[in-house]
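Content type compact mmCIF, C-alpha atoms and all ligand atoms, from the file entry36.txt:
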```
# COMPACT_ATOMS: atom_id res chain seq x y z
CA MET A 1 10.13 24.10 -20.79
CA ASP A 2 11.74 21.24 -18.91
CA TYR A 3 15.42 21.04 -19.87
CA LEU A 4 15.94 17.96 -17.71
CA LEU A 5 18.60 19.70 -15.65
CA SER A 6 20.43 17.59 -13.09
CA GLU A 7 19.80 18.18 -9.37
CA GLU A 8 23.14 20.01 -9.22
CA GLN A 9 22.18 22.27 -12.13
CA LYS A 10 18.81 23.06 -10.55
CA MET A 11 20.65 23.98 -7.37
CA ILE A 12 23.02 26.30 -9.29
CA GLN A 13 20.00 27.90 -11.01
CA GLU A 14 18.20 28.50 -7.70
CA LEU A 15 21.31 29.86 -6.02
CA ALA A 16 22.14 32.23 -8.91
CA ARG A 17 18.48 33.35 -9.06
CA LYS A 18 18.51 34.12 -5.34
CA VAL A 19 21.73 36.15 -5.59
CA ALA A 20 20.39 37.93 -8.68
CA GLN A 21 16.95 38.81 -7.33
CA GLU A 22 17.90 39.58 -3.72
CA LYS A 23 21.29 41.25 -4.14
CA MET A 24 21.67 42.43 -7.74
CA ARG A 25 18.20 43.60 -8.77
CA PRO A 26 17.97 46.25 -6.00
CA VAL A 27 21.32 47.84 -6.96
CA ALA A 28 21.23 47.39 -10.76
CA ALA A 29 20.06 50.96 -11.47
CA LYS A 30 22.60 52.43 -9.03
CA TYR A 31 25.57 50.76 -10.73
CA ASP A 32 24.18 51.61 -14.17
CA GLN A 33 24.13 55.26 -13.16
CA THR A 34 27.42 55.50 -11.24
CA GLU A 35 29.47 53.09 -13.39
CA GLU A 36 31.30 51.98 -10.23
CA PHE A 37 32.72 48.49 -10.35
CA PRO A 38 30.26 46.30 -8.36
CA TRP A 39 32.77 44.73 -5.94
CA GLU A 40 30.12 44.18 -3.22
CA ILE A 41 28.15 41.94 -5.61
CA ILE A 42 31.25 40.19 -6.97
CA LYS A 43 31.95 39.25 -3.33
CA VAL A 44 28.42 37.83 -2.94
CA ILE A 45 28.79 35.81 -6.18
CA ALA A 46 32.16 34.52 -4.92
CA GLU A 47 30.67 33.56 -1.54
CA ALA A 48 27.94 31.65 -3.38
CA ASP A 49 30.80 29.69 -5.06
CA LEU A 50 29.65 30.53 -8.59
CA PHE A 51 33.07 31.49 -9.99
CA GLY A 52 34.33 27.93 -10.15
CA LEU A 53 31.43 26.36 -12.06
CA PHE A 54 33.49 25.67 -15.21
CA ILE A 55 36.89 25.10 -13.59
CA PRO A 56 38.14 21.50 -13.08
CA ALA A 57 37.61 20.15 -9.56
CA GLU A 58 41.34 19.49 -8.99
CA TYR A 59 41.91 23.26 -9.24
CA GLY A 60 39.14 24.28 -6.88
CA GLY A 61 36.16 24.35 -9.23
CA MET A 62 33.12 22.17 -9.87
CA GLY A 63 34.32 20.55 -13.12
CA THR A 64 34.63 21.86 -16.66
CA ASN A 65 30.97 22.50 -17.32
CA VAL A 66 29.81 25.18 -19.73
CA LEU A 67 26.11 24.50 -19.10
CA ASN A 68 26.62 25.29 -15.41
CA LEU A 69 28.23 28.59 -16.40
CA CYS A 70 25.39 29.37 -18.84
CA ILE A 71 22.71 28.66 -16.23
CA ALA A 72 24.37 30.99 -13.71
CA THR A 73 25.10 33.71 -16.30
CA GLU A 74 21.49 33.66 -17.51
CA GLU A 75 20.10 34.11 -14.00
CA LEU A 76 22.54 36.90 -13.11
CA SER A 77 21.85 38.70 -16.41
CA ARG A 78 18.11 38.50 -15.78
CA ALA A 79 18.72 40.92 -12.90
CA CYS A 80 21.55 43.04 -14.36
CA GLY A 81 23.39 42.55 -17.63
CA GLY A 82 26.17 44.88 -16.49
CA ILE A 83 27.08 43.14 -13.25
CA ALA A 84 26.67 39.73 -14.90
CA VAL A 85 29.26 40.58 -17.55
CA CYS A 86 31.91 41.22 -14.88
CA TYR A 87 31.31 37.58 -13.89
CA ALA A 88 31.16 36.22 -17.46
CA ALA A 89 34.25 38.16 -18.63
CA SER A 90 36.26 36.57 -15.84
CA ALA A 91 35.28 33.20 -17.33
CA LEU A 92 36.42 34.47 -20.75
CA GLY A 93 39.84 35.33 -19.30
CA THR A 94 40.02 31.99 -17.45
CA PHE A 95 39.08 29.60 -20.29
CA PRO A 96 42.49 29.91 -22.04
CA ILE A 97 44.18 28.69 -18.83
CA VAL A 98 41.64 25.85 -18.41
CA LEU A 99 42.06 24.79 -22.04
CA PHE A 100 45.75 25.46 -22.71
CA GLY A 101 47.47 26.02 -19.34
CA ASN A 102 50.19 23.61 -18.24
CA GLU A 103 50.04 22.02 -14.79
CA GLU A 104 52.04 24.80 -13.13
CA GLN A 105 49.94 27.57 -14.69
CA LYS A 106 46.71 25.82 -13.72
CA LYS A 107 47.88 25.31 -10.13
CA LYS A 108 49.03 28.89 -9.86
CA TYR A 109 46.00 30.68 -11.34
CA LEU A 110 42.87 28.52 -11.38
CA PRO A 111 42.22 28.10 -7.62
CA VAL A 112 42.26 31.85 -7.00
CA LEU A 113 39.97 32.44 -10.02
CA ALA A 114 37.62 29.63 -8.94
CA SER A 115 37.30 31.28 -5.53
CA GLY A 116 36.40 34.62 -7.11
CA LYS A 117 39.05 36.35 -4.97
CA LYS A 118 40.63 37.55 -8.20
CA LEU A 119 39.05 38.27 -11.59
CA ALA A 120 40.39 37.52 -15.04
CA ALA A 121 40.12 39.35 -18.38
CA PHE A 122 40.88 38.54 -22.00
CA GLY A 123 42.57 40.98 -24.37
CA ILE A 124 42.85 40.63 -28.12
CA THR A 125 41.09 43.74 -29.51
CA GLU A 126 43.14 46.78 -30.50
CA PRO A 127 42.16 50.17 -31.91
CA GLU A 128 42.84 48.97 -35.47
CA ALA A 129 42.11 45.26 -34.97
CA GLY A 130 38.52 44.38 -34.09
CA SER A 131 36.74 41.89 -36.35
CA ASP A 132 40.04 41.39 -38.14
CA ALA A 133 41.94 40.08 -35.13
CA SER A 134 44.85 39.07 -37.36
CA ALA A 135 45.72 42.77 -37.66
CA ILE A 136 46.90 43.03 -34.04
CA LYS A 137 50.10 45.01 -33.57
CA THR A 138 51.01 44.25 -29.97
CA THR A 139 54.34 42.45 -29.99
CA ALA A 140 55.98 39.99 -27.61
CA LYS A 141 59.71 39.69 -28.17
CA LYS A 142 61.65 36.92 -26.47
CA GLU A 143 64.66 38.20 -24.53
CA GLY A 144 66.33 35.62 -22.29
CA ASP A 145 63.92 34.47 -19.58
CA HIS A 146 61.24 36.95 -20.59
CA TYR A 147 58.97 38.12 -23.34
CA VAL A 148 58.84 41.89 -23.68
CA LEU A 149 55.34 43.13 -24.57
CA ASN A 150 54.65 46.43 -26.33
CA GLY A 151 51.31 47.68 -27.60
CA ILE A 152 47.76 48.69 -26.70
CA LYS A 153 44.61 46.63 -26.20
CA HIS A 154 41.32 48.46 -25.99
CA PHE A 155 37.69 47.78 -25.02
CA ILE A 156 38.83 45.16 -22.47
CA THR A 157 36.07 44.06 -20.08
CA ASN A 158 37.23 43.95 -16.42
CA GLY A 159 40.26 45.98 -17.58
CA GLY A 160 41.88 47.56 -14.53
CA ASP A 161 39.74 45.57 -12.10
CA ALA A 162 40.92 42.07 -13.03
CA ASP A 163 44.23 40.77 -11.66
CA ILE A 164 44.94 38.13 -14.30
CA TYR A 165 44.93 38.86 -18.05
CA THR A 166 45.20 36.56 -21.05
CA ILE A 167 46.80 38.65 -23.79
CA ILE A 168 47.26 37.82 -27.45
CA ALA A 169 50.41 39.33 -28.99
CA MET A 170 52.57 38.77 -32.06
CA THR A 171 55.76 36.80 -31.43
CA ASP A 172 56.55 36.59 -35.15
CA LYS A 173 54.92 39.13 -37.45
CA THR A 174 56.31 37.44 -40.55
CA LYS A 175 54.10 34.40 -39.93
CA GLY A 176 50.78 36.29 -40.01
CA ALA A 177 48.03 34.53 -38.02
CA ARG A 178 50.49 31.76 -37.09
CA GLY A 179 52.76 34.31 -35.47
CA ALA A 180 50.46 35.17 -32.55
CA SER A 181 50.89 33.79 -29.03
CA ALA A 182 48.93 33.92 -25.78
CA PHE A 183 50.36 35.12 -22.46
CA ILE A 184 49.20 35.35 -18.88
CA VAL A 185 49.98 38.84 -17.59
CA GLU A 186 49.43 39.82 -13.98
CA LYS A 187 48.27 43.26 -12.90
CA GLY A 188 51.20 45.02 -11.27
CA THR A 189 53.78 43.71 -13.77
CA PRO A 190 56.11 46.67 -14.46
CA GLY A 191 55.27 48.20 -17.84
CA PHE A 192 51.60 47.12 -17.69
CA THR A 193 49.29 50.10 -17.11
CA PHE A 194 45.68 51.06 -17.79
CA GLY A 195 44.40 53.82 -20.04
CA LYS A 196 40.98 55.22 -20.89
CA LYS A 197 37.88 53.86 -19.17
CA GLU A 198 35.00 53.83 -21.69
CA ASP A 199 31.67 55.60 -21.06
CA LYS A 200 29.14 53.14 -22.49
CA LEU A 201 25.54 52.84 -23.71
CA GLY A 202 24.87 49.73 -21.63
CA ILE A 203 26.44 47.17 -19.27
CA ARG A 204 27.65 50.25 -17.42
CA ALA A 205 28.41 48.41 -14.17
CA SER A 206 31.22 46.63 -16.00
CA SER A 207 34.54 48.33 -16.66
CA THR A 208 35.87 48.56 -20.23
CA ARG A 209 39.43 49.86 -20.34
CA GLU A 210 42.52 50.24 -22.41
CA LEU A 211 45.54 48.06 -21.49
CA ILE A 212 48.95 49.57 -22.22
CA PHE A 213 52.13 47.51 -22.47
CA THR A 214 55.41 49.44 -22.50
CA ASP A 215 58.49 47.23 -22.41
CA CYS A 216 56.47 44.96 -20.13
CA LYS A 217 58.59 41.96 -19.10
CA VAL A 218 56.52 38.79 -18.79
CA PRO A 219 58.28 35.63 -17.54
CA LYS A 220 58.59 33.01 -20.30
CA GLU A 221 56.70 30.58 -18.00
CA ASN A 222 53.60 32.71 -18.70
CA LEU A 223 53.41 31.71 -22.37
CA LEU A 224 50.22 29.66 -22.83
CA SER A 225 50.68 26.55 -24.94
CA LYS A 226 53.37 27.24 -27.57
CA GLU A 227 54.47 30.20 -29.63
CA GLY A 228 52.22 30.58 -32.66
CA MET A 229 49.12 29.21 -30.89
CA GLY A 230 47.58 32.60 -30.07
CA PHE A 231 44.71 32.43 -32.55
CA ILE A 232 43.97 28.76 -31.82
CA VAL A 233 43.79 29.70 -28.11
CA THR A 234 41.43 32.55 -29.04
CA MET A 235 39.14 30.49 -31.29
CA LYS A 236 38.89 27.57 -28.86
CA THR A 237 38.24 30.02 -26.03
CA PHE A 238 35.42 31.70 -27.98
CA ASP A 239 33.88 28.30 -28.78
CA MET A 240 33.56 27.79 -25.00
CA SER A 241 32.61 31.34 -24.07
CA ARG A 242 30.12 32.26 -26.83
CA PRO A 243 27.37 30.12 -25.31
CA GLY A 244 27.95 32.27 -22.19
CA VAL A 245 27.34 35.50 -24.15
CA ALA A 246 24.24 33.82 -25.57
CA ALA A 247 23.11 32.93 -22.03
CA GLN A 248 23.66 36.55 -21.03
CA ALA A 249 21.37 37.57 -23.91
CA VAL A 250 18.70 35.04 -22.86
CA GLY A 251 18.84 36.33 -19.27
CA ILE A 252 18.53 39.97 -20.37
CA ALA A 253 15.57 39.09 -22.63
CA GLN A 254 13.88 37.12 -19.85
CA GLY A 255 14.35 40.00 -17.41
CA ALA A 256 12.73 42.38 -19.90
CA LEU A 257 9.82 39.98 -20.49
CA ASP A 258 9.27 39.67 -16.71
CA VAL A 259 9.01 43.47 -16.51
CA ALA A 260 6.67 43.67 -19.54
CA VAL A 261 4.28 40.97 -18.28
CA LYS A 262 4.02 42.55 -14.82
CA TYR A 263 3.50 46.04 -16.22
CA SER A 264 0.90 44.89 -18.76
CA LYS A 265 -1.22 43.45 -15.94
CA GLU A 266 -0.98 46.63 -13.85
CA ARG A 267 -1.36 49.35 -16.50
CA GLN A 268 -4.97 50.38 -17.16
CA GLN A 269 -6.09 52.04 -20.41
CA PHE A 270 -9.61 52.20 -21.87
CA GLY A 271 -10.82 50.93 -18.48
CA LYS A 272 -8.92 47.63 -18.72
CA SER A 273 -5.45 46.28 -18.09
CA ILE A 274 -3.39 46.53 -21.29
CA SER A 275 -2.73 42.76 -21.00
CA SER A 276 -6.35 42.22 -22.07
CA PHE A 277 -5.59 43.66 -25.54
CA GLN A 278 -4.76 41.08 -28.17
CA GLY A 279 -2.08 43.39 -29.65
CA ILE A 280 -0.16 43.23 -26.36
CA GLN A 281 -0.88 39.53 -25.78
CA TRP A 282 0.57 38.56 -29.15
CA MET A 283 3.71 40.60 -28.50
CA LEU A 284 4.17 38.86 -25.15
CA ALA A 285 3.58 35.45 -26.74
CA ASP A 286 6.17 36.12 -29.46
CA MET A 287 8.70 37.39 -26.92
CA ALA A 288 8.29 34.30 -24.73
CA THR A 289 8.51 31.92 -27.71
CA GLN A 290 11.66 33.56 -29.06
CA ILE A 291 13.32 33.45 -25.63
CA GLU A 292 12.49 29.76 -25.21
CA ALA A 293 13.91 28.95 -28.66
CA ALA A 294 17.10 30.88 -27.82
CA ARG A 295 17.41 29.14 -24.45
CA ALA A 296 16.98 25.72 -26.06
CA LEU A 297 19.75 26.50 -28.56
CA VAL A 298 22.07 27.77 -25.81
CA TYR A 299 21.54 24.75 -23.55
CA ALA A 300 21.91 22.29 -26.46
CA THR A 301 25.17 23.98 -27.53
CA ALA A 302 26.50 24.02 -23.97
CA ARG A 303 25.68 20.31 -23.63
CA MET A 304 27.49 19.63 -26.89
CA VAL A 305 30.59 21.44 -25.57
CA ASP A 306 30.34 19.54 -22.28
CA SER A 307 30.13 16.21 -24.10
CA GLY A 308 33.72 16.82 -25.22
CA ASN A 309 32.83 17.64 -28.83
CA THR A 310 35.52 20.03 -30.07
CA SER A 311 33.82 20.96 -33.38
CA VAL A 312 31.39 23.46 -31.94
CA ALA A 313 32.34 26.66 -33.77
CA LYS A 314 29.13 26.67 -35.84
CA GLU A 315 26.79 25.89 -32.95
CA SER A 316 28.46 28.38 -30.58
CA ALA A 317 28.17 31.07 -33.26
CA MET A 318 24.52 30.15 -33.90
CA ALA A 319 23.67 30.32 -30.19
CA LYS A 320 25.32 33.74 -29.81
CA LEU A 321 23.76 35.09 -33.01
CA PHE A 322 20.23 33.89 -32.35
CA ALA A 323 20.14 34.69 -28.64
CA SER A 324 21.56 38.19 -29.04
CA ASP A 325 19.23 39.10 -31.92
CA THR A 326 16.39 37.74 -29.77
CA ALA A 327 17.50 39.87 -26.82
CA MET A 328 17.53 43.02 -28.96
CA ARG A 329 14.02 42.34 -30.35
CA VAL A 330 12.51 41.31 -27.03
CA THR A 331 13.95 44.21 -25.04
CA THR A 332 12.80 46.69 -27.71
CA ASP A 333 9.30 45.21 -27.50
CA ALA A 334 9.41 45.41 -23.71
CA VAL A 335 10.07 49.17 -23.97
CA GLN A 336 7.13 49.38 -26.40
CA ILE A 337 4.80 47.57 -23.99
CA LEU A 338 5.66 50.06 -21.25
CA GLY A 339 4.86 52.90 -23.67
CA GLY A 340 6.32 56.27 -22.64
CA TYR A 341 7.26 54.83 -19.24
CA GLY A 342 9.43 52.31 -21.07
CA TYR A 343 11.54 55.20 -22.31
CA MET A 344 12.13 56.56 -18.82
CA LYS A 345 14.97 55.58 -16.49
CA ASP A 346 12.49 55.26 -13.60
CA TYR A 347 11.51 51.89 -15.12
CA PRO A 348 13.94 49.05 -15.83
CA ALA A 349 12.87 48.32 -19.45
CA GLU A 350 15.19 50.81 -21.17
CA LYS A 351 18.22 49.45 -19.29
CA TYR A 352 17.52 45.93 -20.58
CA MET A 353 17.42 47.35 -24.10
CA ARG A 354 20.72 49.19 -23.62
CA ASP A 355 22.36 46.12 -22.02
CA ALA A 356 21.12 43.82 -24.80
CA LYS A 357 22.88 45.70 -27.62
CA ILE A 358 26.41 44.66 -26.69
CA THR A 359 25.58 40.96 -27.02
CA GLN A 360 25.31 41.52 -30.79
CA ILE A 361 28.78 43.12 -30.85
CA TYR A 362 31.37 41.57 -28.53
CA GLU A 363 33.15 38.23 -28.88
CA GLY A 364 32.66 38.76 -32.60
CA THR A 365 29.87 40.86 -34.10
CA ASN A 366 26.82 39.07 -35.45
CA GLN A 367 28.06 39.69 -38.99
CA ILE A 368 31.18 37.74 -38.05
CA GLN A 369 29.06 34.98 -36.41
CA ARG A 370 27.16 34.64 -39.70
CA SER A 371 30.46 34.35 -41.57
CA ILE A 372 31.63 31.61 -39.17
CA ILE A 373 28.37 29.68 -39.64
CA ALA A 374 28.47 30.05 -43.43
CA LEU A 375 32.11 28.98 -43.58
CA GLN A 376 31.34 25.83 -41.60
CA LEU A 377 28.38 25.07 -43.89
CA ILE A 378 30.44 25.53 -47.04
CA LYS A 379 33.36 23.51 -45.63
CA GLY A 380 30.92 20.76 -44.67
CA MET A 381 29.35 20.66 -48.15
CA ALA A 382 32.77 20.36 -49.78
CA LYS A 383 33.43 17.09 -47.92
C1 LIG A 401 31.68 46.92 -24.23
C2 LIG A 401 32.68 46.13 -24.96
C3 LIG A 401 33.42 45.15 -24.30
C4 LIG A 401 34.39 44.43 -24.99
N1 LIG A 401 35.16 43.49 -24.30
C5 LIG A 401 36.23 42.93 -24.92
C6 LIG A 401 37.15 42.09 -24.18
O1 LIG A 401 36.96 41.82 -23.01
N2 LIG A 401 38.24 41.62 -24.83
C7 LIG A 401 38.50 41.89 -26.16
O2 LIG A 401 39.51 41.45 -26.66
N3 LIG A 401 37.63 42.67 -26.87
C8 LIG A 401 36.51 43.18 -26.30
N4 LIG A 401 35.65 43.97 -27.00
C9 LIG A 401 35.89 44.22 -28.43
C10 LIG A 401 34.87 43.58 -29.34
O3 LIG A 401 35.03 42.20 -29.41
C11 LIG A 401 34.97 44.28 -30.70
O4 LIG A 401 34.46 45.60 -30.52
C12 LIG A 401 34.22 43.56 -31.79
O5 LIG A 401 34.86 42.35 -32.11
C13 LIG A 401 34.10 44.40 -33.07
O6 LIG A 401 35.29 45.02 -33.41
P1 LIG A 401 35.30 46.60 -33.75
O7 LIG A 401 34.63 47.28 -32.63
O8 LIG A 401 36.69 46.99 -34.05
O9 LIG A 401 34.38 46.73 -35.02
P2 LIG A 401 34.84 46.54 -36.56
O10 LIG A 401 35.56 45.25 -36.72
O11 LIG A 401 35.51 47.77 -37.03
O12 LIG A 401 33.43 46.40 -37.27
C14 LIG A 401 32.64 47.51 -37.67
C15 LIG A 401 31.43 46.97 -38.42
O13 LIG A 401 31.87 46.28 -39.60
C16 LIG A 401 31.35 44.97 -39.62
N5 LIG A 401 32.34 44.07 -40.24
C17 LIG A 401 33.67 43.98 -39.99
N6 LIG A 401 34.22 43.02 -40.74
C18 LIG A 401 33.22 42.45 -41.46
C19 LIG A 401 33.13 41.39 -42.42
N7 LIG A 401 34.21 40.68 -42.76
N8 LIG A 401 31.92 41.11 -42.95
C20 LIG A 401 30.82 41.82 -42.61
N9 LIG A 401 30.83 42.81 -41.70
C21 LIG A 401 32.01 43.13 -41.14
C22 LIG A 401 31.13 44.61 -38.15
O14 LIG A 401 30.20 43.56 -38.00
C23 LIG A 401 30.63 45.94 -37.60
O15 LIG A 401 29.26 46.06 -37.89
C24 LIG A 401 34.63 44.68 -26.35
C25 LIG A 401 33.87 45.64 -27.03
C26 LIG A 401 32.93 46.37 -26.36
C27 LIG A 401 32.17 47.43 -27.11
```
Structure encoded using structure tokens:
Amino acid sequence: MDYLLSEEQKMIQELARKVAQEKMRPVAAKYDQTEEFPWEIIKVIAEADLFGLFIPAEYGGMGTNVLNLCIATEELSRACGGIAVCYAASALGTFPIVLFGNEEQKKKYLPVLASGKKLAAFGITEPEAGSDASAIKTTAKKEGDHYVLNGIKHFITNGGDADIYTIIAMTDKTKGARGASAFIVEKGTPGFTFGKKEDKLGIRASSTRELIFTDCKVPKENLLSKEGMGFIVTMKTFDMSRPGVAAQAVGIAQGALDVAVKYSKERQQFGKSISSFQGIQWMLADMATQIEAARALVYATARMVDSGNTSVAKESAMAKLFASDTAMRVTTDAVQILGGYGYMKDYPAEKYMRDAKITQIYEGTNQIQRSIIALQLIKGMAK
């Protein structure tokens, strides 16, 4: 389908595709197996200038453009969902600074993140606060020139490998959701350490770690926006980043379809290629149609965000929900088309299926996305 991309967007797409196919694809299985952090590829992505796609030009990026980020994320995910999430999670950690940082914070952190020399991460989830983010227990107590952070974040993508973290902590527990605030915390700050690294089903090239704050003194200049804005920062960040998760899902689904089409033409059974069987053809047709519908929703949502529309919670949730459910269905069908070989690690289909699953879970599970969509519908009908 022709999405009428600008010349610049076509260039980003080609560049990301080249990096993905030439540099990522050949090492995707290796990183999946070893779970090493893919620094060599992060360096290539940085050299291709893809880290600054959504960062304003005055801070070293190419302008606040979510569609650019989605296009690049999709192409990278088509080759490896795990490596691509290291890239996308840095955007997740950077958006709060783009959206809510003051001039000094933007000048200090955005250029180095736009260059890809340092990675960012975002931390809200805690062992007892997942879908119910308002249950977070990490505290930030103001003491003179500092806030003192105490608590644990877990399941944090790029945890330990990123240098710059956006952390949501309670500055006033008595105020409930209005008592949370957002902070920029640098790796190396005394009292900030890393705990368990998770052993995961998919996206195994990416690191998922625990962040531990023990009397961690963060300068008061690192407060993002104002005290009490932590959940607004989080929700507005997710509105911008969820189309990126959706783009990751589209890329993973497309990668799996590519594998399935190629295999179906090569595999012979009953004296013919399996692609000549209508049963296989119809599966391929459904997979391609679902991917195109997901892509259209993602691009339309990203364009809506880029137009400056700030009421995008419903559309961002829809894009993430639809694209991730599509990725799960398509990758499962890809495994089916490869038959027994689809189940084996010698072929890439099973990895796409494992990588797809997380897109239905993080940045809010798909149950939570449905709740967000329903809430917006009901609110809208009440008007
Ligand atoms: C690999 C990975 C990377 C991650 N990266 C990050 C990161 O970088 N930063 C970060 O902050 N977090 C991150 N997360 C955390 C992620 O966002 C949470 O895991 C997710 O929001 C779900 O929370 P939970 O795991 O505690 O599940 P729970 O909230 O305990 O949910 C369990 C089940 O109950 C369902 N459920 C819960 N509440 C409702 C409800 N009201 N209605 C219907 N169903 C409901 C859920 O949909 C789910 O099916 C990551 C998680 C993983 C696995």
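Proximity to A:Ser371 at 12 Å, evaluated using all atoms listed in the file and with sequence-adjacent residues fewer than 4 positions away removed, yields Ser131, Ala313, Lys314, Ala317, Met318, Leu321, Gly364, Thr365, Asn366, Gln367, Leu375, Gln376, Leu377, Ile378 and Lys379 of chain A.
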_List as a PyMOL selection string the protein and nucleic acid residues near A:Met24, meaning an atom at most 7 Å away when all atoms listed in the file are counted, but skip any in the same chain fewer than 5 places from it._
chain A and resi 19+41+79-80
Once you have the residues from the selection above, write them out as a PDB file, in the frame of the given file, restricted to C-alpha atoms.
```pdb
ATOM      1  CA  VAL A  19      21.730  36.150  -5.590  1.00  0.00           C
ATOM      2  CA  ILE A  41      28.150  41.940  -5.610  1.00  0.00           C
ATOM      3  CA  ALA A  79      18.720  40.920 -12.900  1.00  0.00           C
ATOM      4  CA  CYS A  80      21.550  43.040 -14.360  1.00  0.00           C
TER       5      CYS A  80
END
```
*Enumerate residues in contact with ligand LIG 401 (chain A): an atom-to-atom distance of at most 9 Å, counting only C-alpha atoms and all ligand atoms. Format the result as a ChimeraX atom specification.*
/A:89-90,92-93,121-133,153-159,167-168,198,200-204,206-209,358-371
*Could you name the residues that touch A:Val233 at 9 Å or less, counting only C-alpha atoms, but leaving out those on the same chain fewer than 2 positions away, as number ranges by chain?*
A: 96, 99-100, 168, 181-182, 224-225, 229-231, 235-238
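Omitting A:Arg17 and its sequence neighbours fewer than 3 positions away, and counting all atoms listed in the file, the residues within 12 Å are A:Lys10, A:Met11, A:Ile12, A:Gln13, A:Glu14, A:Ala20, A:Gln21, A:Glu22, A:Lys23, A:Met24, A:Arg25, A:Ile45, A:Ala48, A:Leu50, A:Ile71, A:Ala72, A:Thr73, A:Glu74, A:Glu75, A:Leu76, A:Ser77, A:Arg78, A:Ala79, A:Cys80, A:Ala84, A:Gly251, A:Gly255.
With distances restricted to all atoms listed in the file, A:Gly81 is the closest residue to A:Ala249 from A:Gly81, A:Gly151, A:Gly228, A:Gly52.
Here atom CA of A:Ala356 is placed at a distance of 26.8 Å from atom CA of A:Asp163.
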*For A:Arg329, which of A:Gln290, A:Thr171, A:Gln269, A:Asn222 is the closest residue, counting all atoms listed in the file?*
A:Gln290
*What does the distance between atom CA of A:Phe213 and atom CA of A:Asn150 come to in Å, to one decimal place?*
4.7 Å
*Neighbour list for A:Gly144 as a ChimeraX atom specification, cut-off 12 Å, all atoms listed in the file, skip fewer than 3 positions in-chain*: /A:141,147-148,217-221
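Closest approach to A:Lys320 among A:Ile232, A:Ala91, A:Cys70, A:Ala285: A:Cys70, based on only C-alpha atoms.
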